[in-house]
$ cat model31.csv   # CSV, C-alpha atoms
chain,number,residue,atom,x,y,z
Y,20,MET,CA,-87.1,-55.5,65.3
Y,21,LEU,CA,-85.2,-58.7,64.4
Y,22,HIS,CA,-86.0,-60.6,61.3
Y,23,ALA,CA,-86.6,-64.4,61.5
Y,24,SER,CA,-84.0,-65.0,58.8
Y,25,CYS,CA,-81.2,-63.7,61.0
Y,26,PHE,CA,-82.6,-64.6,64.4
Y,27,MET,CA,-80.6,-66.5,66.9
Y,28,LEU,CA,-82.0,-68.1,70.0
Y,29,HIS,CA,-80.4,-66.9,73.2
Y,30,LEU,CA,-83.0,-67.3,76.0
Y,31,LYS,CA,-82.4,-70.1,78.4
Y,32,ILE,CA,-85.8,-71.5,79.1
Y,33,ALA,CA,-87.4,-74.0,81.6
Y,34,VAL,CA,-90.7,-75.6,80.5
Y,35,VAL,CA,-92.6,-76.0,83.7
Y,36,THR,CA,-95.7,-78.1,84.4
Y,37,ALA,CA,-97.7,-78.9,87.6
Y,38,LEU,CA,-98.9,-82.5,87.3
Y,39,TRP,CA,-102.1,-84.0,88.9
Y,40,TYR,CA,-103.5,-86.6,86.6
Y,41,GLU,CA,-100.7,-89.1,87.1
Y,42,ASP,CA,-99.7,-90.7,83.7
Y,43,LYS,CA,-103.0,-89.9,81.9
Y,44,TYR,CA,-101.6,-87.1,79.7
Y,45,LEU,CA,-97.8,-87.7,79.9
Y,46,PRO,CA,-97.5,-89.8,76.7
Y,47,ALA,CA,-98.9,-87.0,74.5
Y,48,LEU,CA,-97.1,-84.3,76.4
Y,49,PHE,CA,-93.7,-85.8,76.2
Y,50,ALA,CA,-94.2,-86.9,72.6
Y,51,SER,CA,-94.5,-83.3,71.7
Y,52,LEU,CA,-91.6,-82.2,73.9
Y,53,GLU,CA,-89.3,-84.7,72.1
Y,54,ARG,CA,-90.1,-82.8,68.9
Y,55,VAL,CA,-89.4,-79.3,70.2
Y,56,ASP,CA,-87.3,-77.3,67.8
Y,57,TYR,CA,-85.0,-75.6,70.3
Y,58,PRO,CA,-81.3,-76.2,71.1
Y,59,LEU,CA,-81.1,-78.9,73.8
Y,60,ASP,CA,-78.5,-76.9,75.7
Y,61,ARG,CA,-80.8,-73.8,75.9
Y,62,TRP,CA,-83.8,-75.4,77.7
Y,63,GLU,CA,-84.8,-77.9,80.3
Y,64,ILE,CA,-88.0,-79.5,81.7
Y,65,ILE,CA,-89.0,-79.0,85.3
Y,66,MET,CA,-92.2,-80.6,86.6
Y,67,ILE,CA,-93.8,-81.1,90.0
Y,68,ASP,CA,-96.1,-84.0,90.9
Y,69,ASN,CA,-98.9,-82.4,93.0
Y,70,LYS,CA,-100.4,-85.8,93.6
Y,71,ASN,CA,-97.1,-87.5,94.6
Y,72,SER,CA,-98.1,-90.5,92.6
Y,73,LEU,CA,-96.2,-93.7,92.2
Y,74,ALA,CA,-97.6,-94.1,88.7
Y,75,THR,CA,-96.0,-90.7,87.7
Y,76,LYS,CA,-92.6,-91.7,89.1
Y,77,ASN,CA,-92.7,-95.0,87.4
Y,78,TRP,CA,-93.7,-93.5,84.1
Y,79,PHE,CA,-90.8,-91.0,84.2
Y,80,GLU,CA,-88.3,-93.8,85.1
Y,81,THR,CA,-89.5,-96.0,82.2
Y,82,ASN,CA,-90.2,-93.4,79.5
Y,83,VAL,CA,-88.2,-90.2,80.2
Y,84,TYR,CA,-84.8,-90.3,81.9
Y,85,SER,CA,-83.2,-92.5,79.3
Y,86,LYS,CA,-83.9,-89.9,76.6
Y,87,VAL,CA,-82.3,-87.0,78.3
Y,88,GLY,CA,-79.5,-85.6,76.2
Y,89,LYS,CA,-80.8,-87.4,73.1
Y,90,THR,CA,-84.3,-86.3,72.3
Y,91,LEU,CA,-85.0,-84.5,75.5
Y,92,PRO,CA,-83.1,-81.8,77.5
Y,93,PRO,CA,-82.5,-82.2,81.3
Y,94,VAL,CA,-85.6,-83.3,83.1
Y,95,THR,CA,-86.4,-82.8,86.8
Y,96,LEU,CA,-89.5,-84.1,88.6
Y,97,LEU,CA,-90.0,-82.3,91.9
Y,98,GLN,CA,-92.0,-84.0,94.7
Y,99,THR,CA,-94.3,-82.5,97.3
Y,100,ASP,CA,-96.1,-84.0,100.3
Y,101,LYS,CA,-99.3,-82.0,99.6
Y,102,ASN,CA,-101.2,-80.5,96.7
Y,103,LEU,CA,-99.8,-77.1,96.2
Y,104,GLY,CA,-102.4,-76.2,93.6
Y,105,PHE,CA,-101.7,-74.6,90.2
Y,106,ALA,CA,-100.1,-71.5,91.8
Y,107,GLY,CA,-97.9,-73.3,94.4
Y,108,GLY,CA,-96.9,-76.1,92.1
Y,109,ASN,CA,-95.8,-73.8,89.3
Y,110,ASN,CA,-94.1,-71.5,91.7
Y,111,ALA,CA,-91.9,-74.4,93.0
Y,112,CYS,CA,-90.9,-75.1,89.4
Y,113,ILE,CA,-90.3,-71.4,88.7
Y,114,ARG,CA,-88.1,-71.0,91.8
Y,115,ALA,CA,-86.0,-74.0,90.6
Y,116,ALA,CA,-85.6,-72.3,87.2
Y,117,GLN,CA,-84.5,-69.1,88.9
Y,118,ASP,CA,-81.9,-70.9,90.9
Y,119,ARG,CA,-80.5,-72.5,87.7
Y,120,GLY,CA,-80.1,-69.1,86.0
Y,121,HIS,CA,-82.8,-69.4,83.4
Y,122,ASP,CA,-84.1,-66.3,81.5
Y,123,ALA,CA,-87.7,-67.4,81.1
Y,124,VAL,CA,-90.1,-70.1,82.0
Y,125,TYR,CA,-92.8,-71.6,79.7
Y,126,LEU,CA,-96.0,-72.6,81.6
Y,127,LEU,CA,-97.4,-75.7,79.9
Y,128,ASN,CA,-100.5,-77.5,81.2
Y,129,GLU,CA,-100.1,-81.3,81.4
Y,130,ASP,CA,-103.2,-81.7,79.2
Y,131,ALA,CA,-101.6,-79.6,76.4
Y,132,HIS,CA,-98.9,-80.3,73.8
Y,133,GLY,CA,-97.2,-77.9,71.4
Y,134,ASP,CA,-96.3,-77.9,67.7
Y,135,PRO,CA,-92.5,-78.3,67.3
Y,136,ALA,CA,-91.9,-74.5,66.9
Y,137,PHE,CA,-94.1,-73.4,69.9
Y,138,LEU,CA,-91.1,-72.7,72.2
Y,139,LYS,CA,-88.9,-71.1,69.5
Y,140,GLU,CA,-91.6,-68.8,68.3
Y,141,ALA,CA,-92.6,-67.6,71.8
Y,142,ALA,CA,-88.9,-67.1,72.6
Y,143,ARG,CA,-88.4,-65.1,69.3
Y,144,ARG,CA,-91.2,-62.8,70.2
Y,145,MET,CA,-89.9,-62.2,73.7
Y,146,GLU,CA,-86.3,-61.6,72.5
Y,147,GLU,CA,-87.6,-59.0,69.9
Y,148,ASP,CA,-88.8,-56.7,72.6
Y,149,GLU,CA,-87.4,-56.3,76.2
Y,150,SER,CA,-90.7,-54.8,77.4
Y,151,VAL,CA,-92.6,-58.0,76.7
Y,152,GLY,CA,-93.2,-59.7,80.1
Y,153,ALA,CA,-95.3,-62.6,78.8
Y,154,VAL,CA,-96.1,-64.3,75.5
Y,155,GLN,CA,-99.2,-66.4,75.2
Y,156,SER,CA,-99.3,-69.1,72.5
Y,157,PHE,CA,-102.1,-69.5,70.0
Y,158,LEU,CA,-104.1,-72.0,72.1
Y,159,VAL,CA,-106.2,-74.4,70.1
Y,160,ARG,CA,-108.8,-76.8,71.6
Y,161,GLU,CA,-108.1,-80.5,71.3
Y,162,PRO,CA,-109.4,-82.7,69.7
Y,163,ALA,CA,-109.0,-81.1,66.2
Y,164,GLY,CA,-112.0,-79.3,65.0
Y,165,GLY,CA,-113.0,-77.9,68.4
Y,166,GLY,CA,-111.9,-74.4,67.5
Y,167,MET,CA,-109.9,-72.1,69.7
Y,168,ASN,CA,-109.3,-72.3,73.4
Y,169,SER,CA,-107.8,-68.8,73.8
Y,170,ILE,CA,-106.4,-66.0,71.7
Y,171,GLY,CA,-105.7,-64.1,74.9
Y,172,ASN,CA,-107.9,-64.0,78.0
Y,173,HIS,CA,-110.3,-61.1,78.5
Y,174,LEU,CA,-110.7,-58.9,81.6
Y,175,HIS,CA,-114.2,-57.8,82.2
Y,176,TYR,CA,-114.3,-54.4,84.1
Y,177,LEU,CA,-116.2,-56.1,87.0
Y,178,GLY,CA,-113.4,-58.6,87.4
Y,179,PHE,CA,-114.6,-61.5,85.4
Y,180,SER,CA,-112.2,-63.2,83.1
Y,181,TYR,CA,-112.8,-65.7,80.2
Y,182,CYS,CA,-111.1,-67.1,77.1
Y,183,GLY,CA,-111.0,-64.7,74.1
Y,184,GLY,CA,-112.0,-66.3,70.8
Y,185,TYR,CA,-113.3,-69.4,72.6
Y,186,LYS,CA,-114.5,-72.1,70.0
Y,187,MET,CA,-113.8,-69.7,67.1
Y,188,PRO,CA,-112.7,-71.7,64.1
Y,189,ARG,CA,-108.9,-71.8,64.0
Y,190,HIS,CA,-108.7,-70.2,60.5
Y,191,ASP,CA,-111.0,-67.4,61.6
Y,192,ALA,CA,-109.0,-66.7,64.7
Y,193,ALA,CA,-105.8,-66.5,62.6
Y,194,GLY,CA,-107.4,-64.1,60.2
Y,195,TYR,CA,-108.8,-62.0,63.1
Y,196,LEU,CA,-105.3,-61.6,64.6
Y,197,ARG,CA,-103.9,-60.6,61.2
Y,198,MET,CA,-106.5,-57.9,61.0
Y,199,ARG,CA,-105.8,-56.8,64.6
Y,200,ARG,CA,-102.1,-56.5,63.8
Y,201,LEU,CA,-102.8,-53.6,61.4
Y,202,ASN,CA,-103.7,-51.4,64.4
Y,203,ASP,CA,-101.8,-53.2,67.1
Y,204,ALA,CA,-98.5,-54.6,65.8
Y,205,ASP,CA,-97.7,-56.0,69.2
Y,206,LEU,CA,-100.9,-58.0,69.5
Y,207,ASN,CA,-101.4,-56.9,73.1
Y,208,ILE,CA,-103.8,-58.9,75.2
Y,209,ALA,CA,-105.4,-58.2,78.6
Y,210,ALA,CA,-104.1,-61.4,80.3
Y,211,ALA,CA,-102.2,-64.5,79.3
Y,212,SER,CA,-103.6,-68.0,79.9
Y,213,GLY,CA,-101.5,-70.0,82.3
Y,214,ALA,CA,-102.0,-73.1,80.1
Y,215,ALA,CA,-99.5,-72.0,77.6
Y,216,ALA,CA,-97.4,-68.9,78.1
Y,217,LEU,CA,-93.7,-67.8,78.3
Y,218,LEU,CA,-92.9,-65.6,81.2
Y,219,ARG,CA,-89.7,-63.4,81.6
Y,220,LEU,CA,-88.0,-64.2,84.9
Y,221,GLU,CA,-86.5,-60.7,85.1
Y,222,ALA,CA,-90.1,-59.4,85.2
Y,223,LEU,CA,-91.2,-61.9,87.8
Y,224,ALA,CA,-88.3,-60.9,90.0
Y,225,GLN,CA,-90.0,-57.4,90.0
Y,226,VAL,CA,-93.7,-58.3,90.4
Y,227,GLY,CA,-93.5,-61.7,92.2
Y,228,LEU,CA,-94.6,-65.1,91.3
Y,229,PHE,CA,-98.1,-66.5,91.3
Y,230,ASP,CA,-100.1,-65.6,94.5
Y,231,GLU,CA,-100.4,-68.9,96.2
Y,232,ASN,CA,-103.3,-67.6,98.3
Y,233,TYR,CA,-105.4,-67.8,95.0
Y,234,PHE,CA,-104.6,-71.5,94.8
Y,235,LEU,CA,-106.8,-72.2,91.8
Y,236,TYR,CA,-108.3,-69.8,89.1
Y,237,HIS,CA,-107.5,-66.2,88.3
Y,238,GLU,CA,-103.9,-66.6,89.5
Y,239,ASP,CA,-102.8,-66.1,85.9
Y,240,LEU,CA,-105.0,-63.0,85.6
Y,241,ASP,CA,-103.6,-61.6,88.9
Y,242,LEU,CA,-100.0,-62.1,87.6
Y,243,SER,CA,-100.9,-60.6,84.2
Y,244,LEU,CA,-102.3,-57.5,85.8
Y,245,ARG,CA,-99.2,-57.1,88.0
Y,246,LEU,CA,-97.0,-57.4,84.9
Y,247,ARG,CA,-99.0,-54.8,83.0
Y,248,GLU,CA,-99.2,-52.5,86.0
Y,249,THR,CA,-95.4,-52.3,86.1
Y,250,GLY,CA,-95.2,-51.5,82.4
Y,251,TYR,CA,-94.6,-54.9,80.8
Y,252,LYS,CA,-96.5,-55.9,77.7
Y,253,ILE,CA,-98.5,-59.2,77.5
Y,254,VAL,CA,-98.8,-60.4,73.9
Y,255,ILE,CA,-100.0,-63.3,71.9
Y,256,GLU,CA,-97.8,-65.0,69.3
Y,257,PRO,CA,-99.9,-66.7,66.5
Y,258,ALA,CA,-96.8,-68.7,65.3
Y,259,SER,CA,-96.5,-70.4,68.6
Y,260,VAL,CA,-99.2,-73.1,68.5
Y,261,VAL,CA,-100.3,-75.2,71.5
Y,262,HIS,CA,-103.1,-77.7,71.6
Y,263,HIS,CA,-105.1,-78.0,74.8
Y,264,ARG,CA,-107.6,-80.6,75.9
Y,265,TYR,CA,-109.7,-78.0,77.5
Y,266,GLU,CA,-113.0,-78.9,79.1
Y,267,PHE,CA,-115.1,-76.3,80.9
Y,268,SER,CA,-116.1,-77.5,84.4
Y,269,ARG,CA,-119.3,-76.3,86.2
Y,270,SER,CA,-118.4,-77.7,89.6
Y,271,ALA,CA,-119.4,-75.9,92.7
Y,272,ASP,CA,-115.7,-76.0,93.8
Y,273,LYS,CA,-114.6,-74.2,90.7
Y,274,TYR,CA,-117.3,-71.6,91.1
Y,275,TYR,CA,-116.2,-70.9,94.6
Y,276,TRP,CA,-112.6,-70.3,93.7
Y,277,MET,CA,-113.4,-68.2,90.7
Y,278,GLU,CA,-115.7,-65.8,92.6
Y,279,ARG,CA,-113.6,-65.7,95.7
Y,280,ASN,CA,-110.5,-64.8,93.7
Y,281,ARG,CA,-112.5,-62.3,91.6
Y,282,TYR,CA,-113.4,-60.3,94.7
Y,283,ARG,CA,-109.8,-60.5,95.8
Y,284,LEU,CA,-108.6,-59.2,92.4
Y,285,LEU,CA,-111.0,-56.3,92.5
Y,286,LEU,CA,-109.9,-55.3,96.0
Y,287,GLU,CA,-106.2,-55.7,95.4
Y,288,HIS,CA,-105.8,-54.1,92.0
Y,289,TYR,CA,-108.4,-51.4,91.5
Y,290,LYS,CA,-107.9,-48.0,93.0
Y,291,THR,CA,-110.4,-46.9,95.7
Y,292,ALA,CA,-111.9,-44.3,93.3
Y,293,THR,CA,-112.4,-46.9,90.6
Y,294,LEU,CA,-114.2,-49.2,93.1
Y,295,LEU,CA,-116.5,-46.4,94.0
Y,296,VAL,CA,-117.4,-45.6,90.4
Y,297,LEU,CA,-118.0,-49.3,89.7
Y,298,LEU,CA,-119.9,-49.9,93.0
Y,299,PRO,CA,-123.4,-49.5,91.6
Y,300,GLY,CA,-122.6,-52.0,88.8
Y,301,LEU,CA,-121.0,-54.4,91.2
Y,302,ILE,CA,-124.1,-54.3,93.5
Y,303,VAL,CA,-126.5,-54.9,90.6
Y,304,SER,CA,-124.4,-57.7,89.2
Y,305,GLU,CA,-124.1,-59.4,92.6
Y,306,LEU,CA,-127.9,-59.3,93.0
Y,307,GLY,CA,-128.3,-60.9,89.5
Y,308,LEU,CA,-125.6,-63.5,90.3
Y,309,PHE,CA,-127.3,-64.3,93.6
Y,310,VAL,CA,-130.6,-65.1,91.8
Y,311,PHE,CA,-128.6,-67.0,89.2
Y,312,GLY,CA,-126.9,-69.0,91.9
Y,313,ALA,CA,-130.2,-69.9,93.5
Y,314,ALA,CA,-131.5,-71.2,90.2
Y,315,ASN,CA,-128.5,-73.3,89.1
Y,316,GLY,CA,-127.4,-74.7,92.5
Y,317,THR,CA,-124.2,-72.5,93.0
Y,318,LEU,CA,-125.6,-70.3,95.7
Y,319,GLY,CA,-123.8,-72.2,98.4
Y,320,SER,CA,-120.5,-71.6,96.7
Y,321,ARG,CA,-121.3,-67.9,96.4
Y,322,LEU,CA,-122.1,-67.6,100.1
Y,323,LYS,CA,-118.9,-69.4,100.9
Y,324,ALA,CA,-117.0,-66.9,98.8
Y,325,TYR,CA,-118.7,-64.0,100.6
Y,326,GLY,CA,-117.7,-65.6,103.9
Y,327,TYR,CA,-114.1,-65.7,102.9
Y,328,ILE,CA,-114.0,-62.0,101.8
Y,329,LEU,CA,-115.9,-60.9,105.0
Y,330,ASP,CA,-113.8,-63.0,107.3
Y,331,LEU,CA,-111.7,-60.4,109.2
Y,332,ARG,CA,-108.9,-62.9,109.6
Y,333,ASN,CA,-108.2,-62.7,105.8
Y,334,TRP,CA,-108.1,-58.9,105.7
Y,335,PRO,CA,-104.5,-58.3,106.8
Y,336,GLU,CA,-103.1,-60.5,104.1
Y,337,MET,CA,-105.3,-58.9,101.4
Y,338,ALA,CA,-104.5,-55.4,102.7
Y,339,GLU,CA,-100.7,-56.2,102.4
Y,340,LYS,CA,-101.1,-57.6,98.9
Y,341,ARG,CA,-103.1,-54.4,97.9
Y,342,ARG,CA,-100.3,-52.3,99.4
Y,343,GLN,CA,-97.6,-54.1,97.4
Y,344,VAL,CA,-99.6,-54.0,94.2
Y,345,GLN,CA,-100.4,-50.3,94.5
Y,346,ALA,CA,-96.8,-49.4,95.4
Y,347,MET,CA,-95.3,-51.1,92.3
Y,348,ARG,CA,-97.7,-49.6,89.8
Y,349,LYS,CA,-96.5,-47.5,86.9
Y,350,ILE,CA,-99.8,-47.1,85.1
Y,351,GLY,CA,-103.2,-45.9,86.3
Y,352,ASP,CA,-106.6,-47.7,86.2
Y,353,ARG,CA,-107.6,-45.9,83.0
Y,354,GLU,CA,-104.7,-47.5,81.1
Y,355,LEU,CA,-105.1,-50.8,83.0
Y,356,LEU,CA,-108.8,-51.0,82.0
Y,357,SER,CA,-108.3,-49.7,78.4
Y,358,SER,CA,-108.6,-53.2,77.1
Y,359,ALA,CA,-111.4,-54.3,79.5
Y,360,VAL,CA,-114.5,-55.8,77.9
Y,361,SER,CA,-118.1,-54.9,78.9
Y,362,ASP,CA,-119.9,-58.0,77.8
Y,363,ILE,CA,-119.7,-61.7,78.7
Y,364,SER,CA,-119.6,-63.7,75.5
Y,365,PHE,CA,-118.1,-67.0,76.8
Y,366,GLN,CA,-120.2,-69.7,75.2
Y,367,GLU,CA,-120.1,-72.1,78.1
Y,368,THR,CA,-122.0,-69.6,80.3
Y,369,ALA,CA,-124.4,-68.3,77.6
Y,370,SER,CA,-128.0,-67.9,78.6
Y,371,PRO,CA,-131.0,-65.9,77.1
Y,372,ALA,CA,-130.6,-63.4,80.0
Y,373,MET,CA,-127.3,-62.3,78.6
Y,374,LYS,CA,-129.1,-60.7,75.7
Y,375,ILE,CA,-130.5,-58.2,78.2
Y,376,ILE,CA,-127.6,-58.1,80.7
Y,377,ASN,CA,-124.8,-57.5,78.2
Y,378,PRO,CA,-126.2,-54.2,76.7
Y,379,LEU,CA,-126.9,-53.0,80.3
Y,380,MET,CA,-123.3,-53.7,81.3
Y,381,ALA,CA,-122.0,-52.0,78.1
Y,382,GLY,CA,-124.1,-48.9,78.7
Y,383,TYR,CA,-122.8,-48.7,82.3
Y,384,TRP,CA,-119.2,-49.1,81.2
Y,385,ALA,CA,-119.5,-46.5,78.5
Y,386,VAL,CA,-120.3,-44.0,81.3
Y,387,ALA,CA,-117.9,-45.3,83.9
Y,388,ARG,CA,-114.8,-45.4,81.6
Y,389,ARG,CA,-115.3,-41.7,80.9
Y,390,ILE,CA,-115.2,-41.0,84.7
Y,391,ILE,CA,-112.1,-43.1,85.4
Y,392,ARG,CA,-109.4,-40.7,84.3
Y,393,TRP,CA,-106.7,-41.7,86.9
$ encode --input "model31.csv" --output "structure tokens"
Amino acid sequence: MLHASCFMLHLKIAVVTALWYEDKYLPALFASLERVDYPLDRWEIIMIDNKNSLATKNWFETNVYSKVGKTLPPVTLLQTDKNLGFAGGNNACIRAAQDRGHDAVYLLNEDAHGDPAFLKEAARRMEEDESVGAVQSFLVREPAGGGMNSIGNHLHYLGFSYCGGYKMPRHDAAGYLRMRRLNDADLNIAAASGAAALLRLEALAQVGLFDENYFLYHEDLDLSLRLRETGYKIVIEPASVVHHRYEFSRSADKYYWMERNRYRLLLEHYKTATLLVLLPGLIVSELGLFVFGAANGTLGSRLKAYGYILDLRNWPEMAEKRRQVQAMRKIGDRELLSSAVSDISFQETASPAMKIINPLMAGYWAVARRIIRW
């Protein structure tokens, strides 16, 4: 373990961002990037404009390029003729970073901005341990006083994922992580949020980039599981602080992508025996979600997600992804699910029914995890 007092930064890093909101968030984003405490010759900025907006191009021309080599490292703005989504847009940036010989990429949402040391502290954590494949930053909700966005994303054993520590007061979250470190010095997490995370490119060369068929939502969970399945750690670094203007959306479109990709994730990552053990729980949860969807207006999105999964034309691609995932695995489902949670405690989806549902899910998981020994 290297000590901070003698630590030297060696990682060559590209900060990558997929843009969509034109110049709405760029002033705050670049104001923070100009303050980054990292050697200018060891990092660069690679962004892609998924909207191909003239406003974005003009903003870069006026506010960015003249600062390169002074307060900013090299900056590249990639263009695309179509919306590549979060997965495809970030992949284009990551491939550019790979071609330029970088060691790591830092995923940074356009509506986020980091404290001056966010990049340095994430890099320090990654350089301390070669088995670390991803480092998530301490992700605080913006504006100030909104509590936490994420201290690591949770994986529910039925494939759901949500932000850990969501809306927890920042001071409490820091204290919680200090206490956790007593039993887990690495501060391992189940999955890293794609809003603010450093990824080791050597690891991505082994497991692949984001699955562009996911397009939106759960692509960071899918990549996190692939990293863990091949033996890499995913950790959180409390000293790397990023602020995120996170707002939970309840749109039908988001609901479709989240459920569609949850089904894909279950089918592609869990072993057949695990799926059989969880099948009763999955059936009961689907019945409950079906009723919930009818009540809150998302039933159409759920039926659309079912349609995607049951469409035979999508099976070959999912089967090939499953084959690749299972072939590269170095750990079993027991270890993969060792950090899985059994309750859903995300405040934005809270309802009185969860007081009944969560204990039932916990009881089922208490039995199922004893059976899953592979």
$ residues_around --input "model31.csv" --residues "Y:Pro257" --least-positions-apart "5" --cutoff "12 Å" --atoms "all atoms listed in the file" --output "MDAnalysis selection string"
chainID Y and resid 134 136:137 140:141 143:144 154:159 167 169:171 189:190 192:197 199:200 205:207
$ residues_around --input "model31.csv" --residues "stretch 232-238 of chain Y" --least-positions-apart "5" --cutoff "7 Å" --atoms "all atoms listed in the file" --output "PyMOL selection string"
chain Y and resi 104-107+276-277+280
$ write_last_selection --input "model31.csv" --atoms "C-alpha atoms" --output "compact mmCIF listing (two decimals), keeping the file's coordinate frame"
# COMPACT_ATOMS: atom_id res chain seq x y z
CA GLY Y 104 -102.40 -76.20 93.60
CA PHE Y 105 -101.70 -74.60 90.20
CA ALA Y 106 -100.10 -71.50 91.80
CA GLY Y 107 -97.90 -73.30 94.40
CA TRP Y 276 -112.60 -70.30 93.70
CA MET Y 277 -113.40 -68.20 90.70
CA ASN Y 280 -110.50 -64.80 93.70
$ atom_distance --input "model31.csv" --atom1 "atom CA of Y:Lys70" --atom2 "atom CA of Y:Asn102"
6.2 Å
$ residues_around --input "model31.csv" --residues "Y:Ala163" --least-positions-apart "3" --cutoff "12 Å" --atoms "only C-alpha atoms" --output "JSON, numbers by chain"
{"Y": [158, 159, 160, 166, 167, 168, 186, 188, 189, 261, 262, 263, 264, 265]}
$ residues_around --input "model31.csv" --residues "Y:Ala47" --least-positions-apart "4" --cutoff "10 Å" --atoms "all atoms listed in the file" --output "list of chain:residue names"
Y:Asp42, Y:Lys43, Y:Ser51, Y:Leu52, Y:Glu129, Y:Asp130, Y:Ala131, Y:His132, Y:Gly133
$ residues_near_point --input "model31.csv" --point "(-91.2, -88.0, 86.9)" --cutoff "10 Å" --atoms "all atoms listed in the file" --output "PyMOL selection string"
chain Y and resi 38+41-42+45+65-68+71-84+94-98
$ write_last_selection --input "model31.csv" --atoms "C-alpha atoms" --output "PDB file, in the coordinates of the input"
ATOM      1  CA  LEU Y  38     -98.900 -82.500  87.300  1.00  0.00           C
ATOM      2  CA  GLU Y  41    -100.700 -89.100  87.100  1.00  0.00           C
ATOM      3  CA  ASP Y  42     -99.700 -90.700  83.700  1.00  0.00           C
ATOM      4  CA  LEU Y  45     -97.800 -87.700  79.900  1.00  0.00           C
ATOM      5  CA  ILE Y  65     -89.000 -79.000  85.300  1.00  0.00           C
ATOM      6  CA  MET Y  66     -92.200 -80.600  86.600  1.00  0.00           C
ATOM      7  CA  ILE Y  67     -93.800 -81.100  90.000  1.00  0.00           C
ATOM      8  CA  ASP Y  68     -96.100 -84.000  90.900  1.00  0.00           C
ATOM      9  CA  ASN Y  71     -97.100 -87.500  94.600  1.00  0.00           C
ATOM     10  CA  SER Y  72     -98.100 -90.500  92.600  1.00  0.00           C
ATOM     11  CA  LEU Y  73     -96.200 -93.700  92.200  1.00  0.00           C
ATOM     12  CA  ALA Y  74     -97.600 -94.100  88.700  1.00  0.00           C
ATOM     13  CA  THR Y  75     -96.000 -90.700  87.700  1.00  0.00           C
ATOM     14  CA  LYS Y  76     -92.600 -91.700  89.100  1.00  0.00           C
ATOM     15  CA  ASN Y  77     -92.700 -95.000  87.400  1.00  0.00           C
ATOM     16  CA  TRP Y  78     -93.700 -93.500  84.100  1.00  0.00           C
ATOM     17  CA  PHE Y  79     -90.800 -91.000  84.200  1.00  0.00           C
ATOM     18  CA  GLU Y  80     -88.300 -93.800  85.100  1.00  0.00           C
ATOM     19  CA  THR Y  81     -89.500 -96.000  82.200  1.00  0.00           C
ATOM     20  CA  ASN Y  82     -90.200 -93.400  79.500  1.00  0.00           C
ATOM     21  CA  VAL Y  83     -88.200 -90.200  80.200  1.00  0.00           C
ATOM     22  CA  TYR Y  84     -84.800 -90.300  81.900  1.00  0.00           C
ATOM     23  CA  VAL Y  94     -85.600 -83.300  83.100  1.00  0.00           C
ATOM     24  CA  THR Y  95     -86.400 -82.800  86.800  1.00  0.00           C
ATOM     25  CA  LEU Y  96     -89.500 -84.100  88.600  1.00  0.00           C
ATOM     26  CA  LEU Y  97     -90.000 -82.300  91.900  1.00  0.00           C
ATOM     27  CA  GLN Y  98     -92.000 -84.000  94.700  1.00  0.00           C
TER      28      GLN Y  98
END
$ residues_near_point --input "model31.csv" --point "(-84.9, -83.2, 75.1)" --cutoff "10 Å" --atoms "all atoms listed in the file" --output "PyMOL selection string"
chain Y and resi 49+52-60+62-64+83-84+86-94
$ atom_distance --input "model31.csv" --atom1 "atom CA of Y:Val226" --atom2 "atom CA of Y:Arg245"
6.1 Å
$ atom_distance --input "model31.csv" --atom1 "atom CA of Y:Ala211" --atom2 "atom CA of Y:Ile255"
7.8 Å
$ closest_residue --input "model31.csv" --among "Y:Ser361, Y:Asn110, Y:Ser180, Y:Ser212" --to "Y:Leu284" --atoms "all atoms listed in the file"
Y:Ser180
